[in-house]
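Student: I am sharing entry36.cif, which consists of mmCIF, C-alpha atoms, pLDDT in the B column; chains and numbers go by the auth columns:
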data_protein
loop_
_atom_site.group_PDB
_atom_site.id
_atom_site.type_symbol
_atom_site.label_atom_id
_atom_site.label_comp_id
_atom_site.label_asym_id
_atom_site.label_seq_id
_atom_site.Cartn_x
_atom_site.Cartn_y
_atom_site.Cartn_z
_atom_site.B_iso_or_equiv
_atom_site.auth_seq_id
_atom_site.auth_asym_id
ATOM 1 C CA THR A 1 -50.434 -13.893 -6.563 78.00 5 A
ATOM 2 C CA VAL A 2 -52.943 -12.575 -9.111 88.00 6 A
ATOM 3 C CA THR A 3 -55.713 -12.407 -6.518 87.00 7 A
ATOM 4 C CA GLY A 4 -53.497 -10.451 -4.110 89.00 8 A
ATOM 5 C CA LEU A 5 -52.397 -8.033 -6.811 91.00 9 A
ATOM 6 C CA SER A 6 -56.043 -7.521 -7.802 91.00 10 A
ATOM 7 C CA LEU A 7 -56.714 -6.272 -4.290 87.00 11 A
ATOM 8 C CA ILE A 8 -53.679 -3.988 -4.358 92.00 12 A
ATOM 9 C CA VAL A 9 -54.271 -2.427 -7.788 91.00 13 A
ATOM 10 C CA GLY A 10 -56.942 -0.049 -6.462 87.00 14 A
ATOM 11 C CA VAL A 11 -54.739 1.128 -3.613 89.00 15 A
ATOM 12 C CA ASN A 12 -51.264 1.107 -5.168 90.00 16 A
ATOM 13 C CA PRO A 13 -51.374 0.702 -8.953 87.00 17 A
ATOM 14 C CA ASP A 14 -47.681 1.548 -9.309 90.00 18 A
ATOM 15 C CA TYR A 15 -46.743 -1.519 -7.254 91.00 19 A
ATOM 16 C CA VAL A 16 -48.845 -3.751 -9.476 92.00 20 A
ATOM 17 C CA LEU A 17 -47.404 -2.194 -12.638 91.00 21 A
ATOM 18 C CA GLN A 18 -43.940 -3.301 -11.517 92.00 22 A
ATOM 19 C CA HIS A 19 -45.146 -6.897 -11.926 91.00 23 A
ATOM 20 C CA GLN A 20 -46.828 -6.472 -15.319 91.00 24 A
ATOM 21 C CA GLN A 21 -44.620 -8.972 -17.152 91.00 25 A
ATOM 22 C CA ALA A 22 -45.141 -11.686 -14.535 91.00 26 A
ATOM 23 C CA ILE A 23 -48.883 -11.045 -14.654 93.00 27 A
ATOM 24 C CA VAL A 24 -48.956 -11.316 -18.456 92.00 28 A
ATOM 25 C CA GLU A 25 -47.175 -14.668 -18.225 92.00 29 A
ATOM 26 C CA CYS A 26 -50.132 -16.019 -16.224 91.00 30 A
ATOM 27 C CA LEU A 27 -52.148 -15.968 -19.467 89.00 31 A
ATOM 28 C CA GLU A 28 -50.032 -18.943 -20.561 90.00 32 A
ATOM 29 C CA ASP A 29 -51.239 -21.088 -17.656 90.00 33 A
ATOM 30 C CA ASN A 30 -53.645 -23.961 -18.368 90.00 34 A
ATOM 31 C CA ASP A 31 -55.999 -22.955 -15.531 91.00 35 A
ATOM 32 C CA GLU A 32 -59.000 -21.097 -17.009 88.00 36 A
ATOM 33 C CA THR A 33 -59.825 -19.529 -13.649 91.00 37 A
ATOM 34 C CA LEU A 34 -56.330 -18.070 -13.376 93.00 38 A
ATOM 35 C CA LYS A 35 -56.554 -16.770 -16.943 92.00 39 A
ATOM 36 C CA GLY A 36 -59.845 -15.052 -16.125 93.00 40 A
ATOM 37 C CA LYS A 37 -58.410 -13.427 -13.010 94.00 41 A
ATOM 38 C CA THR A 38 -55.327 -12.380 -14.970 95.00 42 A
ATOM 39 C CA ILE A 39 -57.453 -10.746 -17.669 96.00 43 A
ATOM 40 C CA ASP A 40 -59.426 -8.889 -14.988 95.00 44 A
ATOM 41 C CA LEU A 41 -56.234 -7.692 -13.303 95.00 45 A
ATOM 42 C CA LEU A 42 -54.644 -6.555 -16.564 96.00 46 A
ATOM 43 C CA TYR A 43 -57.853 -4.714 -17.418 97.00 47 A
ATOM 44 C CA LYS A 44 -57.853 -2.928 -14.044 95.00 48 A
ATOM 45 C CA MET A 45 -54.198 -1.932 -14.296 96.00 49 A
ATOM 46 C CA THR A 46 -54.326 -0.543 -17.839 96.00 50 A
ATOM 47 C CA ASN A 47 -53.370 3.091 -18.305 95.00 51 A
ATOM 48 C CA TYR A 48 -52.234 5.349 -21.144 95.00 52 A
ATOM 49 C CA LYS A 49 -48.652 4.084 -20.859 94.00 53 A
ATOM 50 C CA ASN A 50 -49.339 0.356 -21.118 95.00 54 A
ATOM 51 C CA VAL A 51 -52.580 0.176 -23.103 97.00 55 A
ATOM 52 C CA ASN A 52 -50.853 -0.812 -26.351 96.00 56 A
ATOM 53 C CA ALA A 53 -48.985 -3.713 -24.754 95.00 57 A
ATOM 54 C CA ILE A 54 -51.984 -5.006 -22.804 96.00 58 A
ATOM 55 C CA VAL A 55 -54.436 -4.757 -25.708 97.00 59 A
ATOM 56 C CA GLU A 56 -51.927 -6.510 -27.966 96.00 60 A
ATOM 57 C CA LYS A 57 -51.629 -9.344 -25.427 95.00 61 A
ATOM 58 C CA PHE A 58 -55.412 -9.548 -25.198 96.00 62 A
ATOM 59 C CA LEU A 59 -55.714 -9.697 -28.995 97.00 63 A
ATOM 60 C CA THR A 60 -53.047 -12.385 -29.209 94.00 64 A
ATOM 61 C CA TYR A 61 -54.815 -14.401 -26.535 92.00 65 A
ATOM 62 C CA LEU A 62 -58.172 -13.878 -28.267 93.00 66 A
ATOM 63 C CA ARG A 63 -56.813 -15.196 -31.590 92.00 67 A
ATOM 64 C CA ALA A 64 -55.369 -18.282 -29.897 90.00 68 A
ATOM 65 C CA SER A 65 -58.308 -19.127 -27.653 86.00 69 A
ATOM 66 C CA PRO A 66 -60.881 -21.692 -28.775 84.00 70 A
ATOM 67 C CA SER A 67 -64.097 -20.258 -30.176 83.00 71 A
ATOM 68 C CA ASP A 68 -66.068 -21.923 -27.377 79.00 72 A
ATOM 69 C CA SER A 69 -63.887 -20.400 -24.643 79.00 73 A
ATOM 70 C CA SER A 70 -65.944 -18.750 -21.921 80.00 74 A
ATOM 71 C CA LEU A 71 -63.419 -15.916 -21.717 85.00 75 A
ATOM 72 C CA ARG A 72 -63.836 -14.729 -25.321 90.00 76 A
ATOM 73 C CA LYS A 73 -66.953 -12.599 -24.787 90.00 77 A
ATOM 74 C CA ASP A 74 -65.465 -10.924 -21.724 92.00 78 A
ATOM 75 C CA LEU A 75 -62.180 -10.357 -23.513 94.00 79 A
ATOM 76 C CA VAL A 76 -63.848 -8.735 -26.533 95.00 80 A
ATOM 77 C CA TYR A 77 -65.768 -6.447 -24.184 96.00 81 A
ATOM 78 C CA LYS A 78 -62.625 -5.481 -22.279 97.00 82 A
ATOM 79 C CA ILE A 79 -60.606 -4.806 -25.443 98.00 83 A
ATOM 80 C CA ASN A 80 -63.411 -2.591 -26.722 97.00 84 A
ATOM 81 C CA GLN A 81 -63.605 -0.683 -23.427 98.00 85 A
ATOM 82 C CA LEU A 82 -59.845 -0.170 -23.244 98.00 86 A
ATOM 83 C CA ALA A 83 -59.691 1.003 -26.857 97.00 87 A
ATOM 84 C CA GLU A 84 -62.441 3.538 -26.217 97.00 88 A
ATOM 85 C CA ARG A 85 -60.970 4.751 -22.933 97.00 89 A
ATOM 86 C CA PHE A 86 -57.267 4.871 -23.758 97.00 90 A
ATOM 87 C CA ALA A 87 -57.036 5.245 -27.548 95.00 91 A
ATOM 88 C CA THR A 88 -53.666 6.758 -28.348 88.00 92 A
ATOM 89 C CA ASN A 89 -55.014 7.997 -31.694 94.00 93 A
ATOM 90 C CA LYS A 90 -57.885 7.355 -34.103 96.00 94 A
ATOM 91 C CA THR A 91 -55.878 5.021 -36.323 96.00 95 A
ATOM 92 C CA TRP A 92 -54.932 2.795 -33.380 96.00 96 A
ATOM 93 C CA PHE A 93 -58.543 2.729 -32.220 96.00 97 A
ATOM 94 C CA VAL A 94 -59.918 1.707 -35.638 96.00 98 A
ATOM 95 C CA THR A 95 -57.177 -0.880 -36.178 96.00 99 A
ATOM 96 C CA THR A 96 -57.798 -2.374 -32.753 96.00 100 A
ATOM 97 C CA ILE A 97 -61.574 -2.546 -33.122 96.00 101 A
ATOM 98 C CA ASN A 98 -61.270 -4.064 -36.609 96.00 102 A
ATOM 99 C CA GLN A 99 -59.275 -6.930 -35.113 95.00 103 A
ATOM 100 C CA LEU A 100 -62.245 -7.893 -32.981 91.00 104 A
#
Take the structure in the file and write it out as structure tokens.
Tutor:
Amino acid sequence: TVTGLSLIVGVNPDYVLQHQQAIVECLEDNDETLKGKTIDLLYKMTNYKNVNAIVEKFLTYLRASPSDSSLRKDLVYKINQLAERFATNKTWFVTTINQL
């Protein structure tokens, strides 16, 4: 499902956005590969309307993931990029970056 939606997001992002909650739930799966694909998909589908929710999920996942997790470096990079690109205001940006 995540792989298929990743292919669709570039063509029809609105369709993918309809499934945001189901996609977020994939972060709870035990499969590291699925988690990585889910993070990539959420990153690709982020916009000004959902940036707060997605970054908050990423931060929650980052706090809970083991320090040796291979996804941590990629996740920190993606959170930073999303905060720079879609910052709703300066306070949100600084608060978000400080949590990294």
Student: Evaluated on this file, the PyMOL selection byres ((chain A and resi 57-74) around 9) picks out some residues - which ones are they, written as a list in words?
Tutor: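 Applied to this file, the PyMOL selection byres ((chain A and resi 57-74) around 9) returns Val28, Leu31, Glu32, Glu36, Ile43, Leu46, Tyr47, Thr50, Lys53, Asn54, Val55, Asn56, Leu75, Arg76, Lys77, Asp78, Leu79, Val80, Lys82, Ile83, Leu86, Ala87, Thr100, Gln103 and Leu104 of chain A.
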Student: Write out as an NGL selection string each polymer residue whose atoms come within 12 Å of Cys30 (chain A), counting only C-alpha atoms; drop sequence neighbours fewer than 2 positions from it.
Tutor: :A and (5-7 or 23-28 or 32-46 or 61 or 65)
Student: Report as a list of chain:residue names all protein, DNA and RNA residues lying within 8 Å of region 17-22 of chain A, evaluated on all atoms listed in the file, omitting residues in the same chain fewer than 5 positions from it.
Tutor: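 My list of contacting residues is A:Leu9, A:Ile12, A:Met49.
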Student: Report the distance between CA of Ser10 (chain A) and CA of Ile101 (chain A) in Å, rounded to one decimal place.
Tutor: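 Computing it gives 26.4 Å between the two atoms.
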Student: Report the distance between CA of Asn93 (chain A) and CA of Val13 (chain A) in Å, rounded to one decimal place.
Tutor: 26.1 Å
Student: Pick the closest to Tyr52 (chain A) from A:Glu29, A:Trp96, A:Val15, A:Phe90: which is it, counting only C-alpha atoms?
Tutor: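 Nearest to Tyr52 (chain A): A:Phe90.
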Student: Once you add 8 Å to each side, what are the centre and edge lengths of the axis-aligned box holding all listed atoms of region 21-38 of chain A? One decimal in Å, as lines of an AutoDock Vina configuration file, if you can.
Tutor:
center_x = -51.9
center_y = -13.1
center_z = -16.0
size_x = 31.9
size_y = 37.8
size_z = 25.0
